[in-house]
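Dumped run-v7.csv below, it's CSV, C-alpha atoms and all ligand atoms:
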```
chain,number,residue,atom,x,y,z
E,249,MET,CA,111.5,63.9,123.3
E,250,SER,CA,109.9,61.1,121.4
E,251,ASP,CA,112.1,59.0,119.2
E,252,THR,CA,109.5,59.0,116.5
E,253,PRO,CA,111.4,59.8,113.3
E,254,SER,CA,108.6,61.9,111.7
E,255,VAL,CA,110.2,65.2,112.8
E,256,PHE,CA,110.1,68.0,110.3
E,257,ALA,CA,112.3,71.0,109.9
E,258,VAL,CA,111.4,73.2,107.0
E,259,PRO,CA,114.2,75.5,105.5
E,260,LEU,CA,113.4,79.1,106.0
E,261,LYS,CA,113.0,81.5,103.2
E,262,GLY,CA,112.7,85.3,103.3
E,263,ILE,CA,114.4,86.1,106.6
E,264,PRO,CA,115.1,89.8,106.3
E,265,GLU,CA,118.5,91.2,107.3
E,266,THR,CA,118.0,93.3,110.4
E,267,ALA,CA,120.6,95.8,109.3
E,268,VAL,CA,118.8,96.3,106.0
E,269,ILE,CA,115.4,96.9,107.5
E,270,GLN,CA,116.7,99.3,110.1
E,271,ALA,CA,118.7,101.1,107.5
E,272,GLY,CA,115.5,101.5,105.5
E,273,MET,CA,113.6,103.0,108.4
E,274,PRO,CA,113.0,106.7,108.0
E,275,VAL,CA,114.7,109.0,110.4
E,276,TYR,CA,112.8,112.0,111.9
E,277,THR,CA,113.8,115.1,113.7
E,278,ALA,CA,112.2,115.5,117.1
E,279,GLN,CA,109.7,117.9,115.7
E,280,GLN,CA,108.7,115.6,112.8
E,281,ARG,CA,108.3,112.8,115.2
E,282,GLU,CA,106.0,114.8,117.4
E,283,GLU,CA,103.9,115.9,114.3
E,284,LYS,CA,103.6,112.3,113.2
E,285,ILE,CA,102.6,111.1,116.7
E,286,ALA,CA,99.9,113.9,116.9
E,287,ARG,CA,98.6,112.9,113.5
E,288,ILE,CA,98.4,109.2,114.4
E,289,ARG,CA,96.5,110.1,117.6
E,290,ARG,CA,94.0,112.1,115.5
E,291,LEU,CA,93.6,109.3,112.9
E,292,LEU,CA,93.1,106.7,115.6
E,293,GLN,CA,90.2,108.7,116.9
E,294,LYS,CA,88.8,109.5,113.5
E,295,GLU,CA,88.9,105.8,112.5
E,296,ASN,CA,87.5,104.5,115.8
E,297,ALA,CA,90.7,102.5,116.0
E,298,VAL,CA,92.7,101.2,118.8
E,299,LEU,CA,96.5,100.4,118.7
E,300,ILE,CA,97.6,97.1,120.2
E,301,ALA,CA,101.3,96.6,120.3
E,302,HIS,CA,103.7,93.8,121.3
E,303,TYR,CA,106.4,94.5,123.9
E,304,TYR,CA,109.0,93.9,121.1
E,305,THR,CA,108.0,96.9,119.0
E,306,GLN,CA,109.8,100.1,119.3
E,307,GLU,CA,109.3,102.3,122.3
E,308,THR,CA,107.5,105.1,120.5
E,309,LEU,CA,104.8,102.7,119.3
E,310,GLN,CA,104.4,101.3,122.8
E,311,ARG,CA,104.0,104.8,124.1
E,312,ILE,CA,101.4,105.8,121.6
E,313,ALA,CA,99.4,102.6,122.4
E,314,GLU,CA,99.6,103.4,126.1
E,315,GLU,CA,98.7,107.0,125.7
E,316,THR,CA,95.7,106.5,123.4
E,317,GLY,CA,93.8,103.9,125.3
E,318,GLY,CA,95.4,101.0,123.4
E,319,PHE,CA,97.4,98.2,124.9
E,320,VAL,CA,100.9,96.8,125.0
E,321,SER,CA,101.3,93.2,126.0
E,322,ASP,CA,102.2,89.6,125.1
E,323,SER,CA,100.6,87.7,122.3
E,324,LEU,CA,97.8,86.2,124.5
E,325,GLU,CA,96.7,89.4,126.1
E,326,MET,CA,96.9,91.3,122.8
E,327,ALA,CA,94.4,88.9,121.3
E,328,ARG,CA,92.1,89.1,124.4
E,329,PHE,CA,92.2,92.9,124.5
E,330,GLY,CA,91.3,93.2,120.8
E,331,SER,CA,88.3,90.8,121.2
E,332,ARG,CA,86.9,92.8,124.2
E,333,HIS,CA,87.5,96.3,123.0
E,334,ASN,CA,84.6,98.2,121.3
E,335,ALA,CA,86.7,99.9,118.6
E,336,THR,CA,85.7,98.9,115.1
E,337,THR,CA,89.3,98.8,113.8
E,338,LEU,CA,92.2,97.1,115.5
E,339,ILE,CA,95.7,98.2,114.5
E,340,VAL,CA,98.0,95.4,115.5
E,341,ALA,CA,101.7,96.4,115.7
E,342,GLY,CA,103.6,93.2,115.9
E,343,VAL,CA,104.0,90.2,113.5
E,344,ARG,CA,101.5,88.7,111.1
E,345,PHE,CA,100.3,85.8,113.3
E,346,MET,CA,99.2,88.4,115.9
E,347,GLY,CA,97.0,90.2,113.3
E,348,GLU,CA,95.6,86.9,112.2
E,349,THR,CA,94.8,85.9,115.8
E,350,ALA,CA,93.0,89.2,116.3
E,351,LYS,CA,90.9,88.6,113.1
E,352,ILE,CA,90.2,84.9,114.1
E,353,LEU,CA,88.7,86.2,117.4
E,354,SER,CA,87.1,89.3,116.1
E,355,PRO,CA,85.8,88.7,112.5
E,356,GLU,CA,83.4,91.6,112.7
E,357,LYS,CA,86.3,94.1,113.2
E,358,ARG,CA,88.7,95.5,110.6
E,359,VAL,CA,92.2,94.4,111.5
E,360,LEU,CA,95.1,96.5,110.0
E,361,MET,CA,98.8,96.1,110.5
E,362,PRO,CA,101.6,98.7,109.8
E,363,THR,CA,103.2,96.0,107.6
E,364,LEU,CA,102.1,92.7,106.3
E,365,GLN,CA,105.7,91.7,105.7
E,366,ALA,CA,106.4,91.2,109.4
E,367,THR,CA,106.3,87.5,109.9
E,368,CYS,CA,108.0,85.1,112.4
E,369,SER,CA,110.5,82.3,111.8
E,370,LEU,CA,108.3,79.9,113.7
E,371,ASP,CA,105.4,80.6,111.4
E,372,LEU,CA,107.6,80.5,108.3
E,373,GLY,CA,109.1,77.2,109.3
E,374,CYS,CA,105.8,75.4,109.8
E,375,PRO,CA,103.9,75.5,106.5
E,376,ALA,CA,100.3,74.3,106.7
E,377,LYS,CA,100.4,71.6,104.1
E,378,GLU,CA,103.5,69.9,105.5
E,379,PHE,CA,102.2,70.3,109.0
E,380,SER,CA,98.9,68.7,108.2
E,381,GLU,CA,100.7,65.7,106.6
E,382,PHE,CA,102.8,65.4,109.7
E,383,CYS,CA,99.6,65.4,111.9
E,384,ASP,CA,98.0,62.8,109.6
E,385,LEU,CA,100.8,60.4,110.4
E,386,HIS,CA,99.7,60.5,114.1
E,387,PRO,CA,95.9,60.5,114.0
E,388,GLU,CA,95.5,59.4,117.6
E,389,HIS,CA,97.4,62.5,118.9
E,390,GLU,CA,96.0,65.7,120.2
E,391,VAL,CA,97.5,68.6,118.2
E,392,VAL,CA,98.8,71.5,120.2
E,393,VAL,CA,100.3,74.5,118.4
E,394,TYR,CA,102.0,77.7,119.6
E,395,ALA,CA,100.2,80.9,118.7
E,396,ASN,CA,103.2,81.8,116.5
E,397,THR,CA,101.7,80.0,113.5
E,398,SER,CA,99.5,80.8,110.5
E,399,ALA,CA,95.7,80.7,110.7
E,400,GLU,CA,95.8,77.5,108.6
E,401,VAL,CA,98.1,75.7,111.1
E,402,LYS,CA,95.8,76.8,113.9
E,403,ALA,CA,92.8,75.4,112.0
E,404,ARG,CA,94.5,72.0,111.9
E,405,ALA,CA,95.1,72.1,115.6
E,406,ASP,CA,93.0,70.9,118.6
E,407,TRP,CA,94.6,73.6,120.8
E,408,VAL,CA,96.4,76.9,120.4
E,409,VAL,CA,98.6,78.0,123.3
E,410,THR,CA,100.9,80.9,124.0
E,411,SER,CA,104.0,80.7,126.1
E,412,SER,CA,102.1,82.0,129.2
E,413,ILE,CA,99.7,79.0,129.2
E,414,ALA,CA,101.5,76.2,127.3
E,415,VAL,CA,102.7,74.3,130.4
E,416,LYS,CA,99.2,74.3,132.0
E,417,VAL,CA,97.5,73.1,128.9
E,418,ILE,CA,99.9,70.2,128.3
E,419,ALA,CA,99.7,69.2,132.0
E,420,HIS,CA,95.9,69.2,131.6
E,421,LEU,CA,96.2,67.0,128.6
E,422,MET,CA,98.5,64.6,130.4
E,423,ASP,CA,96.0,64.3,133.2
E,424,GLN,CA,93.7,62.9,130.5
E,425,ASP,CA,96.4,60.5,129.2
E,426,LYS,CA,96.4,62.2,125.8
E,427,LYS,CA,99.2,61.7,123.3
E,428,ILE,CA,100.5,65.0,122.0
E,429,ILE,CA,101.9,66.6,118.9
E,430,TRP,CA,103.6,69.9,119.6
E,431,ALA,CA,104.6,72.5,117.1
E,432,PRO,CA,106.5,74.5,116.0
E,433,ASP,CA,109.1,75.7,118.6
E,434,ARG,CA,111.4,72.9,119.6
E,435,HIS,CA,113.0,74.7,122.6
E,436,LEU,CA,109.6,75.6,124.1
E,437,GLY,CA,108.5,72.0,123.4
E,438,ARG,CA,111.6,70.7,125.2
E,439,TYR,CA,111.0,73.1,128.1
E,440,ILE,CA,107.3,71.9,128.4
E,441,GLU,CA,108.5,68.3,128.4
E,442,LYS,CA,111.0,68.9,131.2
E,443,VAL,CA,108.4,70.7,133.4
E,444,THR,CA,105.5,68.4,132.8
E,445,GLY,CA,107.2,65.1,132.1
E,446,ALA,CA,105.3,64.9,128.8
E,447,ASP,CA,106.7,62.9,125.9
E,448,MET,CA,105.6,64.8,122.8
E,449,ILE,CA,106.1,64.4,119.1
E,450,SER,CA,107.7,67.8,118.3
E,451,TRP,CA,108.1,69.8,115.1
E,452,GLN,CA,111.6,71.2,115.0
E,453,GLY,CA,111.1,75.0,114.4
E,454,SER,CA,112.9,77.8,116.3
E,455,CYS,CA,112.9,81.5,116.8
E,456,VAL,CA,115.8,83.2,115.0
E,457,VAL,CA,116.1,85.7,117.9
E,458,HIS,CA,116.0,83.5,120.9
E,459,GLU,CA,118.1,80.8,119.2
E,460,GLU,CA,121.0,83.2,119.2
E,461,PHE,CA,121.4,83.4,123.0
E,462,LYS,CA,124.5,81.5,124.1
E,463,ALA,CA,124.9,79.6,127.3
E,464,ARG,CA,128.6,79.8,127.6
E,465,ALA,CA,128.8,83.6,127.2
E,466,LEU,CA,125.8,83.8,129.5
E,467,GLY,CA,127.9,81.9,132.1
E,468,ASP,CA,130.7,84.4,131.8
E,469,LEU,CA,128.2,87.3,132.3
E,470,ILE,CA,126.8,85.6,135.3
E,471,ALA,CA,130.3,85.3,136.8
E,472,GLN,CA,130.7,89.0,136.3
E,473,TYR,CA,127.3,89.8,137.9
E,474,PRO,CA,126.8,87.0,140.4
E,475,GLU,CA,124.0,89.0,142.2
E,476,ALA,CA,121.8,89.3,139.1
E,477,ALA,CA,118.6,87.3,138.5
E,478,ILE,CA,118.4,85.6,135.1
E,479,LEU,CA,115.2,86.0,133.1
E,480,VAL,CA,114.7,83.8,130.1
E,481,HIS,CA,111.9,83.4,127.5
E,482,PRO,CA,111.3,79.7,126.8
E,483,GLU,CA,112.0,80.0,123.1
E,484,SER,CA,115.7,80.0,124.1
E,485,PRO,CA,118.0,77.0,123.9
E,486,GLU,CA,117.8,74.4,126.7
E,487,ALA,CA,121.2,75.3,128.1
E,488,VAL,CA,120.2,79.0,128.4
E,489,ILE,CA,116.9,78.0,130.1
E,490,GLU,CA,118.9,75.9,132.6
E,491,ALA,CA,120.7,79.0,133.8
E,492,ALA,CA,117.4,80.9,134.4
E,493,ASP,CA,115.9,82.0,137.7
E,494,VAL,CA,112.7,82.7,135.9
E,495,VAL,CA,111.4,81.2,132.6
E,496,GLY,CA,108.3,82.7,131.2
E,497,SER,CA,106.3,84.7,128.7
E,498,THR,CA,107.2,88.3,128.1
E,499,THR,CA,104.5,89.4,130.7
E,500,ALA,CA,105.9,86.9,133.2
E,501,LEU,CA,109.4,88.3,132.8
E,502,ILE,CA,108.3,91.9,133.3
E,503,LYS,CA,106.4,90.8,136.4
E,504,ALA,CA,109.5,89.0,137.7
E,505,ALA,CA,111.6,92.2,137.1
E,506,ARG,CA,109.1,94.1,139.2
E,507,GLU,CA,108.6,91.6,142.0
E,508,LEU,CA,112.0,89.9,142.6
E,509,PRO,CA,114.1,91.5,145.2
E,510,HIS,CA,117.2,91.6,142.9
E,511,SER,CA,118.5,95.0,141.7
E,512,THR,CA,120.2,93.6,138.5
E,513,PHE,CA,118.7,91.3,135.8
E,514,ILE,CA,120.2,89.5,132.9
E,515,VAL,CA,117.5,89.2,130.3
E,516,ALA,CA,117.3,86.6,127.4
E,517,THR,CA,114.6,87.9,125.2
E,518,ASP,CA,114.1,90.7,122.6
E,519,ASN,CA,115.6,93.9,124.1
E,520,ARG,CA,112.7,96.1,123.2
E,521,ILE,CA,111.1,94.6,126.4
E,522,PHE,CA,113.4,96.8,128.4
E,523,TYR,CA,111.1,99.8,127.8
E,524,LYS,CA,108.4,98.1,129.9
E,525,MET,CA,110.8,96.5,132.3
E,526,LYS,CA,112.3,99.9,133.2
E,527,LYS,CA,108.8,101.3,133.7
E,528,ALA,CA,107.9,98.4,136.0
E,529,ALA,CA,111.2,98.7,138.0
E,530,PRO,CA,112.8,102.1,137.3
E,531,ASP,CA,115.6,101.7,139.8
E,532,LYS,CA,116.8,98.3,138.6
E,533,ILE,CA,119.5,97.5,136.1
E,534,PHE,CA,118.8,95.4,133.0
E,535,ILE,CA,121.6,93.7,131.0
E,536,GLU,CA,121.1,91.9,127.6
E,537,ALA,CA,122.0,88.2,127.6
E,538,PRO,CA,124.8,87.6,125.1
E,539,THR,CA,124.0,86.6,121.5
E,540,ALA,CA,126.2,84.8,118.9
E,541,GLY,CA,127.9,87.9,117.5
E,542,GLU,CA,128.4,91.6,118.0
E,543,GLY,CA,127.8,94.6,115.7
E,544,ALA,CA,128.0,93.5,112.0
E,545,THR,CA,128.5,89.8,112.9
E,546,CYS,CA,125.3,89.7,115.0
E,547,LYS,CA,122.4,88.0,113.3
E,548,SER,CA,119.6,89.2,115.5
E,549,CYS,CA,121.2,91.4,118.1
E,550,ALA,CA,118.4,90.4,120.5
E,551,HIS,CA,115.8,92.1,118.4
E,552,CYS,CA,113.3,90.5,116.1
E,553,PRO,CA,113.9,91.6,112.5
E,554,TRP,CA,110.2,91.5,111.8
E,555,MET,CA,109.1,93.4,114.9
E,556,ALA,CA,111.6,96.0,113.8
E,557,MET,CA,109.6,96.6,110.6
E,558,ASN,CA,106.8,98.4,112.6
E,559,GLY,CA,107.4,102.1,112.6
E,560,LEU,CA,105.8,105.5,112.8
E,561,HIS,CA,105.8,105.9,109.0
E,562,ASN,CA,103.9,102.7,108.3
E,563,LEU,CA,101.6,103.1,111.2
E,564,GLU,CA,100.6,106.6,109.9
E,565,ALA,CA,100.3,105.3,106.4
E,566,VAL,CA,98.0,102.4,107.3
E,567,LEU,CA,95.7,104.6,109.3
E,568,GLU,CA,95.5,107.0,106.3
E,569,SER,CA,95.0,104.4,103.6
E,570,GLY,CA,93.2,101.6,105.3
E,571,GLN,CA,95.6,99.2,103.5
E,572,ASN,CA,97.3,96.2,105.0
E,573,GLU,CA,94.0,94.6,106.2
E,574,ILE,CA,94.1,91.1,107.5
E,575,PHE,CA,91.7,88.6,105.9
E,576,VAL,CA,91.3,85.0,106.9
E,577,ASP,CA,89.3,82.6,104.9
E,578,GLU,CA,86.0,82.0,106.8
E,579,GLU,CA,86.3,78.2,106.8
E,580,VAL,CA,89.8,78.4,108.1
E,581,ARG,CA,88.8,81.1,110.6
E,582,LYS,CA,86.0,79.0,112.1
E,583,LYS,CA,88.3,76.1,112.7
E,584,ALA,CA,91.2,78.3,114.0
E,585,HIS,CA,88.6,80.0,116.2
E,586,ARG,CA,87.7,76.7,117.9
E,587,SER,CA,91.3,75.8,118.8
E,588,THR,CA,92.1,79.4,119.9
E,589,ARG,CA,88.8,79.9,121.8
E,590,ARG,CA,89.6,76.6,123.7
E,591,MET,CA,92.7,78.2,125.2
E,592,LEU,CA,90.7,81.3,126.3
E,593,ASP,CA,88.0,79.2,127.8
E,594,PHE,CA,90.7,77.1,129.6
E,595,ILE,CA,92.2,80.2,131.1
E,596,ALA,CA,88.7,81.4,132.2
E,597,HIS,CA,88.0,78.3,134.2
T,601,LIG,P1,104.9,86.1,124.2
T,601,LIG,O1,103.6,85.5,123.9
T,601,LIG,O2,105.6,85.7,125.4
T,601,LIG,O3,104.7,87.6,124.1
T,601,LIG,O4,105.9,85.7,123.0
T,601,LIG,C1,105.6,86.0,121.7
T,601,LIG,C2,106.9,85.9,120.9
T,601,LIG,O5,106.8,86.0,119.7
T,601,LIG,C3,108.1,85.7,121.6
T,601,LIG,O6,109.2,85.7,120.7
T,602,LIG,FE1,108.9,85.0,116.0
T,602,LIG,FE2,111.1,85.1,117.4
T,602,LIG,FE3,110.2,87.3,116.3
T,602,LIG,FE4,108.9,86.2,118.4
T,602,LIG,S1,111.0,87.1,118.4
T,602,LIG,S2,108.0,87.0,116.5
T,602,LIG,S3,109.2,84.0,117.9
T,602,LIG,S4,110.9,85.5,115.2
```
Kindly return the structure encoded in the file as structure tokens.
Ligand code: 13P
Ligand code: SF4
Amino acid sequence: MSDTPSVFAVPLKGIPETAVIQAGMPVYTAQQREEKIARIRRLLQKENAVLIAHYYTQETLQRIAEETGGFVSDSLEMARFGSRHNATTLIVAGVRFMGETAKILSPEKRVLMPTLQATCSLDLGCPAKEFSEFCDLHPEHEVVVYANTSAEVKARADWVVTSSIAVKVIAHLMDQDKKIIWAPDRHLGRYIEKVTGADMISWQGSCVVHEEFKARALGDLIAQYPEAAILVHPESPEAVIEAADVVGSTTALIKAARELPHSTFIVATDNRIFYKMKKAAPDKIFIEAPTAGEGATCKSCAHCPWMAMNGLHNLEAVLESGQNEIFVDEEVRKKAHRSTRRMLDFIAH
């Protein structure tokens, strides 16, 4: 990590309490659920809409997306699917930056989200104005930002990357002897540095969910299940990543669960990913990596508080009302499109 002192960490505001959000979620009988799902299916058709969900959303939403011709994936593939699909409305179940990325790539489409309150601690911790000032201090640096950022931060960047492509893009820039600013996830930044040998100026953001995974408790769990493979998302702390057999994006971790010969896996990422992991490898056993607390003392419980805000009730409501539309200022969008498109073109070649 560079010694340059211009490293920013912005205090986070507005992190919702997981327990409060989940307590506020409506509870349905099996029949009410089925009625809601049937109604959502009809509304998707009527509105010429397609549902695109992240792996961290609740199982029911993932199932609806799968069963209605929509898509469940990581942040990169969600964006690509939306831009290629011929629906006129994209319903993005995830967090705000995912809806914005869809709009950046598909300005002609209406992009709706079940809730506009679902954000991300990485996005919150990297405000555009402060980030732009930070970049101005290093004008000779190439600016590479993670997709978990606002449209304005993407607009300030030269490149947008997701966890599935970050290492390759940084290695490519190093081949060109570029100096690099990385933002906002410090753990992913550190991981990229270790893999590529890059020395980047890094913003010091973090994910409130992955930050909670604890290396010592993970070590105890590994001692209990010595035969298990350890799957880790690179937003996790360095010591947790060091214990991993596979480090990768959500899609890469599901692929590893399917392809590795192991019958047991310890998984350090949001636990809603288990729905797809179990589908990919039905006979295997998946164990949550330990977080900082348990029950009432647990801050994230391996589930993103913002992803948890997506439910059947607000999915139905948004399809009915057309509210919660994502708008991105056109000047910002054009700039953010350039840096995001660059990633997609890089993957294509
Ligand atoms: P992926 O791009 O790997 O799906 O990650 C998105 C995310 O928010 C992880 O916390
Ligand atoms: Fe952001 Fe972390 Fe939630 Fe992913 S899991 S959306 S990085 S807060």
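You can rank E:Thr305, E:Gln472, E:Thr363, E:Thr499 by their closest distance to ligand LIG 602 (chain T) using all atoms listed in the file, and at the top of that list sits E:Thr305.
If you count all atoms listed in the file and ignore residues fewer than 2 places along the chain from His302 (chain E), what sits within 10 Å of it is E:Ile300, E:Tyr304, E:Thr305, E:Gln306, E:Leu309, E:Gln310, E:Ala313, E:Phe319, E:Val320, E:Ser321, E:Asp322, E:Ser323, E:Glu325, E:Met326, E:Val340, E:Ala341, E:Gly342, E:Val343, E:Met346, E:Thr498, E:Arg520, E:Ile521, E:Met555.
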Exercise: Ile428 (chain E) partners within 12 Å, only C-alpha atoms, chain neighbours under 2 positions left out, as a PDB file with C-alpha atoms, keeping the file's coordinate frame:
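Output contents, as saved in part.pdb:
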```pdb
ATOM      1  CA  MET E 249     111.500  63.900 123.300  1.00  0.00           C
ATOM      2  CA  SER E 250     109.900  61.100 121.400  1.00  0.00           C
ATOM      3  CA  CYS E 383      99.600  65.400 111.900  1.00  0.00           C
ATOM      4  CA  HIS E 386      99.700  60.500 114.100  1.00  0.00           C
ATOM      5  CA  PRO E 387      95.900  60.500 114.000  1.00  0.00           C
ATOM      6  CA  GLU E 388      95.500  59.400 117.600  1.00  0.00           C
ATOM      7  CA  HIS E 389      97.400  62.500 118.900  1.00  0.00           C
ATOM      8  CA  GLU E 390      96.000  65.700 120.200  1.00  0.00           C
ATOM      9  CA  VAL E 391      97.500  68.600 118.200  1.00  0.00           C
ATOM     10  CA  VAL E 392      98.800  71.500 120.200  1.00  0.00           C
ATOM     11  CA  VAL E 393     100.300  74.500 118.400  1.00  0.00           C
ATOM     12  CA  ALA E 405      95.100  72.100 115.600  1.00  0.00           C
ATOM     13  CA  ASP E 406      93.000  70.900 118.600  1.00  0.00           C
ATOM     14  CA  TRP E 407      94.600  73.600 120.800  1.00  0.00           C
ATOM     15  CA  VAL E 417      97.500  73.100 128.900  1.00  0.00           C
ATOM     16  CA  ILE E 418      99.900  70.200 128.300  1.00  0.00           C
ATOM     17  CA  ALA E 419      99.700  69.200 132.000  1.00  0.00           C
ATOM     18  CA  HIS E 420      95.900  69.200 131.600  1.00  0.00           C
ATOM     19  CA  LEU E 421      96.200  67.000 128.600  1.00  0.00           C
ATOM     20  CA  MET E 422      98.500  64.600 130.400  1.00  0.00           C
ATOM     21  CA  GLN E 424      93.700  62.900 130.500  1.00  0.00           C
ATOM     22  CA  ASP E 425      96.400  60.500 129.200  1.00  0.00           C
ATOM     23  CA  LYS E 426      96.400  62.200 125.800  1.00  0.00           C
ATOM     24  CA  TRP E 430     103.600  69.900 119.600  1.00  0.00           C
ATOM     25  CA  ALA E 431     104.600  72.500 117.100  1.00  0.00           C
ATOM     26  CA  GLY E 437     108.500  72.000 123.400  1.00  0.00           C
ATOM     27  CA  ILE E 440     107.300  71.900 128.400  1.00  0.00           C
ATOM     28  CA  GLU E 441     108.500  68.300 128.400  1.00  0.00           C
ATOM     29  CA  ALA E 446     105.300  64.900 128.800  1.00  0.00           C
ATOM     30  CA  ASP E 447     106.700  62.900 125.900  1.00  0.00           C
ATOM     31  CA  MET E 448     105.600  64.800 122.800  1.00  0.00           C
ATOM     32  CA  ILE E 449     106.100  64.400 119.100  1.00  0.00           C
ATOM     33  CA  SER E 450     107.700  67.800 118.300  1.00  0.00           C
ATOM     34  CA  TRP E 451     108.100  69.800 115.100  1.00  0.00           C
TER      35      TRP E 451
END
```
Just the residues within 12 Å of Leu508 (chain E), please, counting all atoms listed in the file, with nothing from its chain fewer than 2 positions along; format it as a tab-separated table (two decimals) with C-alpha atoms, in the coordinates of the input.
```tsv
chain	number	residue	atom	x	y	z
E	476	ALA	CA	121.80	89.30	139.10
E	477	ALA	CA	118.60	87.30	138.50
E	478	ILE	CA	118.40	85.60	135.10
E	479	LEU	CA	115.20	86.00	133.10
E	493	ASP	CA	115.90	82.00	137.70
E	494	VAL	CA	112.70	82.70	135.90
E	500	ALA	CA	105.90	86.90	133.20
E	501	LEU	CA	109.40	88.30	132.80
E	502	ILE	CA	108.30	91.90	133.30
E	503	LYS	CA	106.40	90.80	136.40
E	504	ALA	CA	109.50	89.00	137.70
E	505	ALA	CA	111.60	92.20	137.10
E	506	ARG	CA	109.10	94.10	139.20
E	510	HIS	CA	117.20	91.60	142.90
E	511	SER	CA	118.50	95.00	141.70
E	512	THR	CA	120.20	93.60	138.50
E	513	PHE	CA	118.70	91.30	135.80
E	528	ALA	CA	107.90	98.40	136.00
E	529	ALA	CA	111.20	98.70	138.00
E	532	LYS	CA	116.80	98.30	138.60
```
If I take CA of Gln293 (chain E) and CA of Phe329 (chain E), how far is one from the other in Å, to one decimal?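 CA of Phe329 (chain E) lies at a distance of 17.6 Å from CA of Gln293 (chain E).
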From (98.2, 98.2, 113.1), in the file's coordinates, out to 9 Å: which residues are reached, counting all atoms listed in the file? Answer as a PDB file with C-alpha atoms, in the coordinates of the input.
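Saved result, result36.pdb, follows:
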```pdb
ATOM      1  CA  VAL E 298      92.700 101.200 118.800  1.00  0.00           C
ATOM      2  CA  LEU E 299      96.500 100.400 118.700  1.00  0.00           C
ATOM      3  CA  ILE E 300      97.600  97.100 120.200  1.00  0.00           C
ATOM      4  CA  ALA E 301     101.300  96.600 120.300  1.00  0.00           C
ATOM      5  CA  THR E 337      89.300  98.800 113.800  1.00  0.00           C
ATOM      6  CA  LEU E 338      92.200  97.100 115.500  1.00  0.00           C
ATOM      7  CA  ILE E 339      95.700  98.200 114.500  1.00  0.00           C
ATOM      8  CA  VAL E 340      98.000  95.400 115.500  1.00  0.00           C
ATOM      9  CA  ALA E 341     101.700  96.400 115.700  1.00  0.00           C
ATOM     10  CA  GLY E 342     103.600  93.200 115.900  1.00  0.00           C
ATOM     11  CA  GLY E 347      97.000  90.200 113.300  1.00  0.00           C
ATOM     12  CA  VAL E 359      92.200  94.400 111.500  1.00  0.00           C
ATOM     13  CA  LEU E 360      95.100  96.500 110.000  1.00  0.00           C
ATOM     14  CA  MET E 361      98.800  96.100 110.500  1.00  0.00           C
ATOM     15  CA  PRO E 362     101.600  98.700 109.800  1.00  0.00           C
ATOM     16  CA  THR E 363     103.200  96.000 107.600  1.00  0.00           C
ATOM     17  CA  ASN E 558     106.800  98.400 112.600  1.00  0.00           C
ATOM     18  CA  ASN E 562     103.900 102.700 108.300  1.00  0.00           C
ATOM     19  CA  LEU E 563     101.600 103.100 111.200  1.00  0.00           C
ATOM     20  CA  VAL E 566      98.000 102.400 107.300  1.00  0.00           C
ATOM     21  CA  LEU E 567      95.700 104.600 109.300  1.00  0.00           C
ATOM     22  CA  ASN E 572      97.300  96.200 105.000  1.00  0.00           C
ATOM     23  CA  GLU E 573      94.000  94.600 106.200  1.00  0.00           C
TER      24      GLU E 573
END
```
Could you tell me, counting all atoms listed in the file, which protein and nucleic acid residues lie no more than 8 Å from ligand LIG 602 (chain T), written as a PyMOL selection string? chain E and resi 304+342-343+367-371+396+454-458+483+517-518+551-555
